[in-house]
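The file upload.cif comes next; it holds mmCIF, C-alpha atoms.
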```
data_model
#
loop_
_atom_site.group_PDB
_atom_site.id
_atom_site.type_symbol
_atom_site.label_atom_id
_atom_site.label_comp_id
_atom_site.auth_asym_id
_atom_site.auth_seq_id
_atom_site.Cartn_x
_atom_site.Cartn_y
_atom_site.Cartn_z
ATOM 1 C CA MET A 1 0.000 0.000 0.000
ATOM 2 C CA ILE A 2 1.140 3.516 -0.803
ATOM 3 C CA TYR A 3 0.741 6.193 1.849
ATOM 4 C CA THR A 4 1.198 9.892 1.090
ATOM 5 C CA LEU A 5 2.137 12.364 3.805
ATOM 6 C CA THR A 6 1.526 16.091 3.495
ATOM 7 C CA THR A 7 2.944 17.879 6.518
ATOM 8 C CA ASN A 8 1.567 21.276 5.493
ATOM 9 C CA PRO A 9 -1.658 20.852 3.462
ATOM 10 C CA ALA A 10 -3.746 23.707 2.120
ATOM 11 C CA ILE A 11 -6.841 24.818 0.328
ATOM 12 C CA ASP A 12 -5.735 26.232 -3.005
ATOM 13 C CA MET A 13 -7.770 29.133 -4.334
ATOM 14 C CA ASN A 14 -7.157 29.664 -8.066
ATOM 15 C CA VAL A 15 -8.582 32.855 -9.590
ATOM 16 C CA ASN A 16 -8.222 34.942 -12.749
ATOM 17 C CA SER A 17 -7.637 38.688 -12.748
ATOM 18 C CA GLY A 18 -6.591 41.558 -14.969
ATOM 19 C CA VAL A 19 -3.217 43.283 -14.942
ATOM 20 C CA PRO A 20 -2.421 43.899 -11.235
ATOM 21 C CA SER A 21 -2.907 47.448 -10.011
ATOM 22 C CA TYR A 22 -1.670 49.094 -6.808
ATOM 23 C CA THR A 23 -4.093 52.014 -7.123
ATOM 24 C CA HIS A 24 -7.383 50.263 -7.927
ATOM 25 C CA VAL A 25 -9.327 47.293 -6.595
ATOM 26 C CA ASN A 26 -8.170 44.080 -8.288
ATOM 27 C CA ARG A 27 -11.282 42.002 -8.903
ATOM 28 C CA THR A 28 -11.079 38.293 -9.600
ATOM 29 C CA THR A 29 -13.218 35.767 -11.444
ATOM 30 C CA ASP A 30 -13.566 32.009 -11.914
ATOM 31 C CA ALA A 31 -12.590 31.071 -8.371
ATOM 32 C CA VAL A 32 -11.784 27.390 -7.930
ATOM 33 C CA TYR A 33 -11.221 25.951 -4.434
ATOM 34 C CA THR A 34 -9.483 22.602 -4.120
ATOM 35 C CA PRO A 35 -8.272 20.445 -1.229
ATOM 36 C CA ASN A 36 -4.568 20.545 -1.730
ATOM 37 C CA GLY A 37 -1.096 19.811 -0.596
ATOM 38 C CA LYS A 38 1.559 17.989 -2.559
ATOM 39 C CA GLY A 39 0.889 14.561 -1.054
ATOM 40 C CA LEU A 40 -2.855 14.919 -1.555
ATOM 41 C CA ASN A 41 -2.276 15.713 -5.215
ATOM 42 C CA VAL A 42 -0.145 12.586 -5.516
ATOM 43 C CA SER A 43 -2.945 10.465 -4.045
ATOM 44 C CA PHE A 44 -5.623 12.072 -6.231
ATOM 45 C CA THR A 45 -3.547 11.460 -9.370
ATOM 46 C CA LEU A 46 -2.760 7.884 -8.377
ATOM 47 C CA ALA A 47 -6.491 7.318 -7.848
ATOM 48 C CA HIS A 48 -7.212 8.577 -11.368
ATOM 49 C CA TYR A 49 -4.896 5.868 -12.704
ATOM 50 C CA GLY A 50 -6.437 3.164 -10.544
ATOM 51 C CA VAL A 51 -3.666 2.994 -7.934
ATOM 52 C CA LYS A 52 -4.836 2.919 -4.331
ATOM 53 C CA SER A 53 -3.233 5.045 -1.630
ATOM 54 C CA THR A 54 -4.037 6.471 1.778
ATOM 55 C CA ILE A 55 -3.659 10.159 2.618
ATOM 56 C CA LEU A 56 -1.923 11.226 5.831
ATOM 57 C CA GLY A 57 -1.548 14.795 7.026
ATOM 58 C CA PHE A 58 -1.962 17.415 9.733
ATOM 59 C CA PHE A 59 -5.283 19.274 9.549
ATOM 60 C CA GLY A 60 -6.944 22.005 11.601
ATOM 61 C CA GLY A 61 -9.914 24.369 11.671
ATOM 62 C CA PHE A 62 -12.627 24.885 9.064
ATOM 63 C CA SER A 63 -10.158 24.582 6.207
ATOM 64 C CA GLY A 64 -8.772 21.327 7.540
ATOM 65 C CA ASN A 65 -12.289 19.916 7.842
ATOM 66 C CA TYR A 66 -13.034 20.927 4.245
ATOM 67 C CA ILE A 67 -9.891 19.219 2.925
ATOM 68 C CA VAL A 68 -10.537 15.967 4.791
ATOM 69 C CA GLU A 69 -14.189 15.935 3.715
ATOM 70 C CA GLU A 70 -13.409 16.499 0.053
ATOM 71 C CA ALA A 71 -10.339 14.254 -0.053
ATOM 72 C CA SER A 72 -12.275 11.401 1.542
ATOM 73 C CA LYS A 73 -14.506 11.304 -1.523
ATOM 74 C CA MET A 74 -11.485 10.103 -3.534
ATOM 75 C CA CYS A 75 -9.128 8.329 -1.127
ATOM 76 C CA PRO A 76 -9.021 7.073 2.455
ATOM 77 C CA VAL A 77 -7.743 9.814 4.777
ATOM 78 C CA LYS A 78 -6.118 9.340 8.184
ATOM 79 C CA PRO A 79 -5.827 12.836 9.672
ATOM 80 C CA VAL A 80 -3.915 14.042 12.683
ATOM 81 C CA TRP A 81 -5.925 16.983 14.031
ATOM 82 C CA ILE A 82 -4.036 20.057 15.207
ATOM 83 C CA ASP A 83 -4.870 23.406 16.775
ATOM 84 C CA GLY A 84 -4.930 26.347 14.406
ATOM 85 C CA ILE A 85 -6.263 26.663 10.880
ATOM 86 C CA THR A 86 -4.921 24.836 7.839
ATOM 87 C CA ARG A 87 -3.575 27.384 5.382
ATOM 88 C CA VAL A 88 -5.229 28.783 2.263
ATOM 89 C CA ASN A 89 -2.905 29.427 -0.696
ATOM 90 C CA ILE A 90 -3.823 31.880 -3.432
ATOM 91 C CA PHE A 91 -2.887 31.628 -7.112
ATOM 92 C CA VAL A 92 -3.837 34.524 -9.370
ATOM 93 C CA THR A 93 -3.592 34.130 -13.145
ATOM 94 C CA THR A 94 -3.133 37.498 -14.890
ATOM 95 C CA PRO A 95 -2.311 38.538 -18.473
ATOM 96 C CA GLU A 96 1.275 39.040 -17.298
ATOM 97 C CA GLY A 97 1.646 35.636 -15.665
ATOM 98 C CA GLU A 98 0.758 33.760 -12.499
ATOM 99 C CA LEU A 99 1.076 35.283 -9.020
ATOM 100 C CA LYS A 100 1.562 32.763 -6.212
ATOM 101 C CA PHE A 101 0.784 33.529 -2.566
ATOM 102 C CA PRO A 102 1.455 30.458 -0.395
ATOM 103 C CA ASN A 103 0.895 30.904 3.342
ATOM 104 C CA ALA A 104 3.101 29.532 6.111
ATOM 105 C CA GLY A 105 0.485 27.242 7.648
ATOM 106 C CA ALA A 106 -0.462 26.289 11.195
ATOM 107 C CA PRO A 107 2.183 25.052 13.646
ATOM 108 C CA VAL A 108 2.422 21.340 14.410
ATOM 109 C CA VAL A 109 3.596 20.769 17.991
ATOM 110 C CA ARG A 110 5.818 17.843 18.918
ATOM 111 C CA SER A 111 3.025 15.775 20.456
ATOM 112 C CA LYS A 112 1.162 15.844 17.125
ATOM 113 C CA GLN A 113 4.307 14.858 15.256
ATOM 114 C CA GLU A 114 4.630 11.875 17.578
ATOM 115 C CA GLU A 115 0.982 11.027 16.919
ATOM 116 C CA MET A 116 1.741 10.888 13.197
ATOM 117 C CA LEU A 117 4.769 8.656 13.779
ATOM 118 C CA GLU A 118 2.628 6.326 15.886
ATOM 119 C CA LEU A 119 -0.016 6.252 13.161
ATOM 120 C CA LEU A 120 2.638 5.207 10.650
ATOM 121 C CA CYS A 121 4.045 2.595 13.021
ATOM 122 C CA ASN A 122 0.649 0.917 12.989
ATOM 123 C CA ALA A 123 -0.339 1.610 9.376
ATOM 124 C CA PRO A 124 -1.297 -1.691 7.722
ATOM 125 C CA ASN A 125 0.656 -2.850 4.660
ATOM 126 C CA LEU A 126 3.034 0.106 4.538
ATOM 127 C CA ASP A 127 5.046 -0.518 1.369
ATOM 128 C CA VAL A 128 5.827 3.002 0.118
ATOM 129 C CA LEU A 129 5.620 6.343 1.906
ATOM 130 C CA VAL A 130 5.571 9.450 -0.301
ATOM 131 C CA VAL A 131 6.579 12.583 1.614
ATOM 132 C CA SER A 132 5.852 15.841 -0.201
ATOM 133 C CA GLY A 133 5.952 19.546 0.462
ATOM 134 C CA SER A 134 7.209 21.861 3.173
ATOM 135 C CA LEU A 135 7.330 21.278 6.902
ATOM 136 C CA SER A 136 4.760 23.034 9.055
ATOM 137 C CA LEU A 137 5.833 25.572 11.645
ATOM 138 C CA GLU A 138 7.514 24.115 14.750
ATOM 139 C CA MET A 139 8.623 21.024 12.812
ATOM 140 C CA ASP A 140 12.356 20.342 12.783
ATOM 141 C CA GLN A 141 14.145 18.781 9.813
ATOM 142 C CA THR A 142 14.898 15.749 11.969
ATOM 143 C CA PHE A 143 11.261 14.722 11.466
ATOM 144 C CA TYR A 144 12.357 13.535 8.014
ATOM 145 C CA ASP A 145 15.040 11.370 9.643
ATOM 146 C CA GLU A 146 12.442 9.873 11.965
ATOM 147 C CA LEU A 147 10.300 8.972 8.961
ATOM 148 C CA PHE A 148 13.285 7.272 7.324
ATOM 149 C CA ASP A 149 14.073 5.296 10.475
ATOM 150 C CA LEU A 150 10.452 4.197 10.768
ATOM 151 C CA CYS A 151 10.300 3.091 7.119
ATOM 152 C CA HIS A 152 13.566 1.175 7.422
ATOM 153 C CA GLU A 153 12.265 -0.600 10.537
ATOM 154 C CA ARG A 154 9.093 -1.583 8.694
ATOM 155 C CA GLY A 155 10.825 -2.557 5.458
ATOM 156 C CA ALA A 156 9.090 0.228 3.505
ATOM 157 C CA GLU A 157 10.506 2.478 0.793
ATOM 158 C CA LEU A 158 10.497 6.282 0.926
ATOM 159 C CA VAL A 159 9.814 8.702 -1.951
ATOM 160 C CA LEU A 160 10.725 12.357 -1.398
ATOM 161 C CA ASP A 161 9.480 15.479 -3.145
ATOM 162 C CA ILE A 162 10.745 18.205 -0.840
ATOM 163 C CA SER A 163 12.712 21.417 -1.296
ATOM 164 C CA HIS A 164 14.308 21.432 2.167
ATOM 165 C CA LYS A 165 18.103 21.735 2.185
ATOM 166 C CA HIS A 166 18.232 18.683 4.459
ATOM 167 C CA LEU A 167 17.557 16.641 1.315
ATOM 168 C CA ALA A 168 21.327 16.782 0.716
ATOM 169 C CA GLU A 169 21.806 14.596 3.815
ATOM 170 C CA LEU A 170 18.612 12.589 3.454
ATOM 171 C CA VAL A 171 19.707 11.073 0.129
ATOM 172 C CA GLU A 172 22.447 9.284 2.075
ATOM 173 C CA LYS A 173 19.651 7.188 3.623
ATOM 174 C CA LYS A 174 18.940 5.796 0.132
ATOM 175 C CA PRO A 175 15.397 6.884 -0.722
ATOM 176 C CA LEU A 176 13.709 4.886 -3.459
ATOM 177 C CA LEU A 177 12.983 7.998 -5.534
ATOM 178 C CA ILE A 178 13.400 11.760 -5.301
ATOM 179 C CA LYS A 179 11.905 14.403 -7.618
ATOM 180 C CA PRO A 180 13.901 17.631 -7.549
ATOM 181 C CA ASN A 181 13.582 20.418 -10.092
ATOM 182 C CA ASP A 182 16.464 22.432 -11.527
ATOM 183 C CA GLU A 183 16.214 25.165 -8.873
ATOM 184 C CA GLU A 184 16.324 22.612 -6.060
ATOM 185 C CA VAL A 185 19.302 20.831 -7.626
ATOM 186 C CA ALA A 186 21.183 24.143 -7.638
ATOM 187 C CA GLU A 187 20.190 25.201 -4.119
ATOM 188 C CA ILE A 188 20.519 21.815 -2.418
ATOM 189 C CA PHE A 189 23.213 19.971 -4.360
ATOM 190 C CA GLY A 190 25.188 22.896 -5.760
ATOM 191 C CA VAL A 191 24.882 22.062 -9.457
ATOM 192 C CA ASN A 192 23.528 24.768 -11.753
ATOM 193 C CA VAL A 193 21.672 23.120 -14.613
ATOM 194 C CA HIS A 194 22.106 24.985 -17.903
ATOM 195 C CA ASN A 195 22.506 22.140 -20.386
ATOM 196 C CA GLU A 196 22.416 18.375 -20.684
ATOM 197 C CA ALA A 197 25.988 17.986 -19.463
ATOM 198 C CA ASP A 198 24.978 19.770 -16.242
ATOM 199 C CA VAL A 199 21.946 17.487 -15.931
ATOM 200 C CA LEU A 200 24.071 14.355 -16.229
ATOM 201 C CA LEU A 201 26.561 15.705 -13.696
ATOM 202 C CA ALA A 202 23.757 16.454 -11.251
ATOM 203 C CA LEU A 203 22.090 13.064 -11.684
ATOM 204 C CA HIS A 204 25.315 11.135 -11.122
ATOM 205 C CA LYS A 205 26.278 13.309 -8.152
ATOM 206 C CA ILE A 206 22.916 12.793 -6.433
ATOM 207 C CA HIS A 207 22.942 9.060 -7.143
ATOM 208 C CA GLU A 208 26.458 8.736 -5.722
ATOM 209 C CA ARG A 209 25.193 10.447 -2.570
ATOM 210 C CA GLY A 210 22.657 7.642 -2.129
ATOM 211 C CA ALA A 211 19.394 8.290 -4.008
ATOM 212 C CA LYS A 212 18.419 5.077 -5.795
ATOM 213 C CA ASN A 213 16.385 6.801 -8.515
ATOM 214 C CA ILE A 214 16.042 10.454 -9.554
ATOM 215 C CA LEU A 215 13.270 12.103 -11.564
ATOM 216 C CA LEU A 216 14.592 15.567 -12.430
ATOM 217 C CA THR A 217 11.933 17.926 -13.779
ATOM 218 C CA LEU A 218 12.822 21.041 -15.785
ATOM 219 C CA GLY A 219 9.428 22.644 -16.381
ATOM 220 C CA GLY A 220 9.058 23.569 -20.040
ATOM 221 C CA GLU A 221 12.373 21.858 -20.836
ATOM 222 C CA GLY A 222 11.065 18.389 -19.972
ATOM 223 C CA ALA A 223 12.468 15.838 -17.536
ATOM 224 C CA TYR A 224 15.228 13.290 -16.999
ATOM 225 C CA PHE A 225 15.153 9.992 -15.123
ATOM 226 C CA PHE A 226 18.193 8.118 -13.783
ATOM 227 C CA ASN A 227 18.015 4.673 -12.190
ATOM 228 C CA GLY A 228 21.727 4.334 -11.501
ATOM 229 C CA LYS A 229 22.385 2.563 -14.792
ATOM 230 C CA HIS A 230 20.718 4.546 -17.542
ATOM 231 C CA VAL A 231 19.430 8.080 -18.133
ATOM 232 C CA TRP A 232 16.256 8.842 -20.079
ATOM 233 C CA ARG A 233 15.108 12.218 -21.392
ATOM 234 C CA ALA A 234 11.531 13.298 -22.140
ATOM 235 C CA ASN A 235 10.349 16.509 -23.761
ATOM 236 C CA ALA A 236 7.674 18.704 -22.232
ATOM 237 C CA SER A 237 4.295 19.103 -23.896
ATOM 238 C CA GLN A 238 3.576 22.404 -25.613
ATOM 239 C CA VAL A 239 0.392 23.551 -23.900
ATOM 240 C CA GLU A 240 -1.196 26.811 -22.849
ATOM 241 C CA VAL A 241 -0.308 27.050 -19.172
ATOM 242 C CA LEU A 242 -2.983 28.285 -16.796
ATOM 243 C CA SER A 243 -1.427 27.269 -13.458
ATOM 244 C CA THR A 244 1.626 25.214 -12.522
ATOM 245 C CA ALA A 245 0.524 24.739 -8.896
ATOM 246 C CA CYS A 246 -0.204 21.009 -9.143
ATOM 247 C CA ALA A 247 1.772 20.004 -12.221
ATOM 248 C CA GLY A 248 4.851 18.650 -10.447
ATOM 249 C CA ASP A 249 2.829 16.529 -8.036
ATOM 250 C CA SER A 250 0.812 14.976 -10.838
ATOM 251 C CA THR A 251 3.995 14.334 -12.819
ATOM 252 C CA LEU A 252 5.481 12.371 -9.925
ATOM 253 C CA ALA A 253 2.298 10.415 -9.226
ATOM 254 C CA SER A 254 1.610 9.492 -12.830
ATOM 255 C CA PHE A 255 5.218 8.329 -13.207
ATOM 256 C CA MET A 256 4.874 6.147 -10.109
ATOM 257 C CA SER A 257 1.536 4.744 -11.293
ATOM 258 C CA ILE A 258 3.464 2.725 -13.890
ATOM 259 C CA TRP A 259 7.027 2.602 -12.605
ATOM 260 C CA LEU A 260 6.335 1.199 -9.133
ATOM 261 C CA ASP A 261 4.763 -1.906 -10.678
ATOM 262 C CA ASP A 262 7.241 -2.203 -13.555
ATOM 263 C CA PRO A 263 10.539 -0.334 -13.059
ATOM 264 C CA SER A 264 11.696 -1.506 -16.490
ATOM 265 C CA ASP A 265 8.993 0.421 -18.360
ATOM 266 C CA VAL A 266 10.571 3.854 -17.959
ATOM 267 C CA GLU A 267 9.510 5.053 -21.400
ATOM 268 C CA LYS A 268 5.823 4.482 -20.708
ATOM 269 C CA ALA A 269 6.098 5.967 -17.216
ATOM 270 C CA LEU A 270 7.858 9.113 -18.438
ATOM 271 C CA THR A 271 5.394 9.550 -21.290
ATOM 272 C CA ARG A 272 2.449 9.401 -18.918
ATOM 273 C CA ALA A 273 4.225 11.689 -16.447
ATOM 274 C CA MET A 274 4.932 14.432 -18.951
ATOM 275 C CA ALA A 275 1.490 14.211 -20.558
ATOM 276 C CA THR A 276 -0.243 14.342 -17.183
ATOM 277 C CA GLY A 277 1.848 17.238 -15.928
ATOM 278 C CA GLY A 278 1.141 19.144 -19.128
ATOM 279 C CA ASN A 279 -2.597 18.552 -18.914
ATOM 280 C CA VAL A 280 -2.683 19.628 -15.266
ATOM 281 C CA ALA A 281 -0.780 22.828 -16.085
ATOM 282 C CA MET A 282 -3.690 23.768 -18.355
ATOM 283 C CA SER A 283 -6.077 23.657 -15.399
ATOM 284 C CA ALA A 284 -6.869 25.418 -12.155
ATOM 285 C CA GLY A 285 -5.965 22.677 -9.707
ATOM 286 C CA LEU A 286 -5.581 19.138 -11.018
ATOM 287 C CA GLY A 287 -8.319 19.401 -13.629
ATOM 288 C CA ASP A 288 -9.947 16.324 -15.143
ATOM 289 C CA PHE A 289 -6.995 14.669 -16.980
ATOM 290 C CA ALA A 290 -9.153 14.611 -20.108
ATOM 291 C CA LEU A 291 -6.347 15.412 -22.563
ATOM 292 C CA VAL A 292 -3.608 13.138 -21.217
ATOM 293 C CA GLU A 293 -3.850 10.556 -23.995
ATOM 294 C CA LYS A 294 -3.839 13.202 -26.717
ATOM 295 C CA ILE A 295 -0.896 15.071 -25.195
ATOM 296 C CA ALA A 296 0.999 11.791 -24.813
ATOM 297 C CA GLU A 297 1.207 11.581 -28.593
ATOM 298 C CA SER A 298 3.569 14.568 -28.557
ATOM 299 C CA ILE A 299 5.881 13.177 -25.867
ATOM 300 C CA HIS A 300 9.131 11.554 -26.961
ATOM 301 C CA VAL A 301 11.376 9.614 -24.602
ATOM 302 C CA GLU A 302 15.006 8.948 -25.481
ATOM 303 C CA LEU A 303 17.758 6.924 -23.842
ATOM 304 C CA VAL A 304 20.627 9.333 -23.200
ATOM 305 C CA GLU A 305 23.184 7.019 -21.622
#
```
Encoded form (structure tokens):
Amino acid sequence: MIYTLTTNPAIDMNVNSGVPSYTHVNRTTDAVYTPNGKGLNVSFTLAHYGVKSTILGFFGGFSGNYIVEEASKMCPVKPVWIDGITRVNIFVTTPEGELKFPNAGAPVVRSKQEEMLELLCNAPNLDVLVVSGSLSLEMDQTFYDELFDLCHERGAELVLDISHKHLAELVEKKPLLIKPNDEEVAEIFGVNVHNEADVLLALHKIHERGAKNILLTLGGEGAYFFNGKHVWRANASQVEVLSTACAGDSTLASFMSIWLDDPSDVEKALTRAMATGGNVAMSAGLGDFALVEKIAESIHVELVE
């Protein structure tokens, strides 16, 4: 069983607006509210492809109740309830581009962190734990180490999609898969990615540090996957981007929906990943995945080395 953990979930509010003004009221239209958080998006995307998972996370207040209620319609949810109010993030699409306003989120005290660890200790059939997104306030980076220790004790694999600098040390614990982007590779591992030679250097460096598999996403420049033996490259789909808020999460989940069952079928997994991420980028939130198959026709996967 796959479990996804979002330590700092949110309601995402996606709206459209005109060119931003500092002197007039900026009115918005087409508001879309979605239960969100990187791990939740992974579970929702996995569910679309028929892969079961259970959602874990810290939730509080009216917004936390809304997320759990809505998410439960798609996947089982095991919440840890906290004081405070789960954050609301705002994404405003304007003619000049997308404005992103993520909030810090409610603090998660140590006793609630321990409650989550206990929940995972007793989670039935824990095979893979996907940890995504930022830590909530009052959470130390050592919480990631505790998750690793727990997974190792239970014989489970860990997948990481985090931008915390502690990832540089966490890869030494040999996660099954990590999904950094080019900015995170530069900030965390010290490799600036400008061309394919830089990509290959980064992939080998991260693998040598301990990561078993790396899915490196480059936005409109596509993605690379390295399993320690071979590197594959996939182009990005050429779509009209509305919001990138959920695209990376859906890319990871759709890749895993094939690759976890058949690690040899990288080409099919990358094709689905890039097509899904492209389709989601056309939507406010995750959208309905309606164009994935059509977009997949434009995705080309090549073996680089």
Checklist entry - For this file, the PyMOL selection byres ((chain A and resi 158) around 9) selects which residues, as a ChimeraX atom specification? => result /A:127-131,147-148,151-152,156-157,159-160,174-178
I need the residues from that last selection saved to file as a PDB file, in the frame of the given file (with C-alpha atoms), if you can.
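The new file result-v1.pdb reads:
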```pdb
ATOM      1  CA  ASP A 127       5.046  -0.518   1.369  1.00  0.00           C
ATOM      2  CA  VAL A 128       5.827   3.002   0.118  1.00  0.00           C
ATOM      3  CA  LEU A 129       5.620   6.343   1.906  1.00  0.00           C
ATOM      4  CA  VAL A 130       5.571   9.450  -0.301  1.00  0.00           C
ATOM      5  CA  VAL A 131       6.579  12.583   1.614  1.00  0.00           C
ATOM      6  CA  LEU A 147      10.300   8.972   8.961  1.00  0.00           C
ATOM      7  CA  PHE A 148      13.285   7.272   7.324  1.00  0.00           C
ATOM      8  CA  CYS A 151      10.300   3.091   7.119  1.00  0.00           C
ATOM      9  CA  HIS A 152      13.566   1.175   7.422  1.00  0.00           C
ATOM     10  CA  ALA A 156       9.090   0.228   3.505  1.00  0.00           C
ATOM     11  CA  GLU A 157      10.506   2.478   0.793  1.00  0.00           C
ATOM     12  CA  VAL A 159       9.814   8.702  -1.951  1.00  0.00           C
ATOM     13  CA  LEU A 160      10.725  12.357  -1.398  1.00  0.00           C
ATOM     14  CA  LYS A 174      18.940   5.796   0.132  1.00  0.00           C
ATOM     15  CA  PRO A 175      15.397   6.884  -0.722  1.00  0.00           C
ATOM     16  CA  LEU A 176      13.709   4.886  -3.459  1.00  0.00           C
ATOM     17  CA  LEU A 177      12.983   7.998  -5.534  1.00  0.00           C
ATOM     18  CA  ILE A 178      13.400  11.760  -5.301  1.00  0.00           C
TER      19      ILE A 178
END
```
Next on the checklist: Just want the 12 Å neighbourhood of Glu183 of chain A, counted on all atoms listed in the file, with same-chain residues fewer than 6 positions away dropped. Output as a list of chain:residue names.
Outcome noted: A:Ile162, A:Ser163, A:His164, A:Lys165, A:Phe189, A:Gly190, A:Val191, A:Asn192, A:Val193, A:His194, A:Val199, A:Ala202, A:Leu216, A:Thr217, A:Leu218, A:Gly219
Next on the checklist: Please list as a ChimeraX atom specification every residue within 9 Å of Met74 of chain A, counting all atoms listed in the file and excluding residues in the same chain fewer than 5 positions away.
Outcome noted: /A:43-44,47
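Every protein, DNA or RNA residue with an atom at most 9 Å from Arg154 of chain A, where only C-alpha atoms count and chain neighbours fewer than 5 positions away do not, is listed here: A:Cys121, A:Leu126, A:Asp127, A:Asp149.
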Using the chain letters and numbers from the file, give me the residues hit by the PyMOL selection byres ((chain A and resi 223-239) around 7), as a compact mmCIF listing (two decimals) with C-alpha atoms, keeping the file's coordinate frame.
```txt
# COMPACT_ATOMS: atom_id res chain seq x y z
CA LEU A 203 22.09 13.06 -11.68
CA HIS A 207 22.94 9.06 -7.14
CA LYS A 212 18.42 5.08 -5.80
CA ASN A 213 16.39 6.80 -8.52
CA ILE A 214 16.04 10.45 -9.55
CA LEU A 215 13.27 12.10 -11.56
CA LEU A 216 14.59 15.57 -12.43
CA THR A 217 11.93 17.93 -13.78
CA LEU A 218 12.82 21.04 -15.78
CA GLY A 220 9.06 23.57 -20.04
CA GLU A 221 12.37 21.86 -20.84
CA GLY A 222 11.06 18.39 -19.97
CA GLU A 240 -1.20 26.81 -22.85
CA VAL A 241 -0.31 27.05 -19.17
CA LEU A 270 7.86 9.11 -18.44
CA MET A 274 4.93 14.43 -18.95
CA ALA A 275 1.49 14.21 -20.56
CA GLY A 278 1.14 19.14 -19.13
CA MET A 282 -3.69 23.77 -18.36
CA ILE A 295 -0.90 15.07 -25.20
CA SER A 298 3.57 14.57 -28.56
CA ILE A 299 5.88 13.18 -25.87
CA HIS A 300 9.13 11.55 -26.96
CA VAL A 301 11.38 9.61 -24.60
CA GLU A 302 15.01 8.95 -25.48
CA LEU A 303 17.76 6.92 -23.84
CA VAL A 304 20.63 9.33 -23.20
CA GLU A 305 23.18 7.02 -21.62
```
Next on the checklist: Selection in question (the file shown): the PyMOL selection byres ((chain A and resi 293) around 10). Which residues does it include, as a list in words?
Outcome noted: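 On the file shown, the PyMOL selection byres ((chain A and resi 293) around 10) covers Thr271, Arg272, Ala275, Thr276, Asn279, Phe289, Ala290, Leu291, Val292, Lys294, Ile295, Ala296, Glu297 and Ser298 of chain A.
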Just-selected residues, C-alpha atoms written as a PDB file, in the frame of the given file:
```pdb
ATOM      1  CA  THR A 271       5.394   9.550 -21.290  1.00  0.00           C
ATOM      2  CA  ARG A 272       2.449   9.401 -18.918  1.00  0.00           C
ATOM      3  CA  ALA A 275       1.490  14.211 -20.558  1.00  0.00           C
ATOM      4  CA  THR A 276      -0.243  14.342 -17.183  1.00  0.00           C
ATOM      5  CA  ASN A 279      -2.597  18.552 -18.914  1.00  0.00           C
ATOM      6  CA  PHE A 289      -6.995  14.669 -16.980  1.00  0.00           C
ATOM      7  CA  ALA A 290      -9.153  14.611 -20.108  1.00  0.00           C
ATOM      8  CA  LEU A 291      -6.347  15.412 -22.563  1.00  0.00           C
ATOM      9  CA  VAL A 292      -3.608  13.138 -21.217  1.00  0.00           C
ATOM     10  CA  LYS A 294      -3.839  13.202 -26.717  1.00  0.00           C
ATOM     11  CA  ILE A 295      -0.896  15.071 -25.195  1.00  0.00           C
ATOM     12  CA  ALA A 296       0.999  11.791 -24.813  1.00  0.00           C
ATOM     13  CA  GLU A 297       1.207  11.581 -28.593  1.00  0.00           C
ATOM     14  CA  SER A 298       3.569  14.568 -28.557  1.00  0.00           C
TER      15      SER A 298
END
```
Closest contacts (segment 50-124 of chain A/segment 13-31 of chain A, max 10 Å, only C-alpha atoms) as JSON lines:
```
{"residue": "A:Val88", "atom": "CA", "partner": "A:Met13", "partner_atom": "CA", "distance": 7.1}
{"residue": "A:Asn89", "atom": "CA", "partner": "A:Met13", "partner_atom": "CA", "distance": 6.1}
{"residue": "A:Ile90", "atom": "CA", "partner": "A:Met13", "partner_atom": "CA", "distance": 4.9}
{"residue": "A:Phe91", "atom": "CA", "partner": "A:Asn14", "partner_atom": "CA", "distance": 4.8}
{"residue": "A:Val92", "atom": "CA", "partner": "A:Val15", "partner_atom": "CA", "distance": 5.0}
{"residue": "A:Thr93", "atom": "CA", "partner": "A:Asn16", "partner_atom": "CA", "distance": 4.7}
{"residue": "A:Thr94", "atom": "CA", "partner": "A:Ser17", "partner_atom": "CA", "distance": 5.1}
{"residue": "A:Pro95", "atom": "CA", "partner": "A:Val19", "partner_atom": "CA", "distance": 6.0}
{"residue": "A:Glu96", "atom": "CA", "partner": "A:Val19", "partner_atom": "CA", "distance": 6.6}
{"residue": "A:Gly97", "atom": "CA", "partner": "A:Val19", "partner_atom": "CA", "distance": 9.1}
{"residue": "A:Glu98", "atom": "CA", "partner": "A:Asn16", "partner_atom": "CA", "distance": 9.1}
{"residue": "A:Leu99", "atom": "CA", "partner": "A:Pro20", "partner_atom": "CA", "distance": 9.6}
{"residue": "A:Lys100", "atom": "CA", "partner": "A:Asn14", "partner_atom": "CA", "distance": 9.4}
{"residue": "A:Phe101", "atom": "CA", "partner": "A:Met13", "partner_atom": "CA", "distance": 9.8}
```
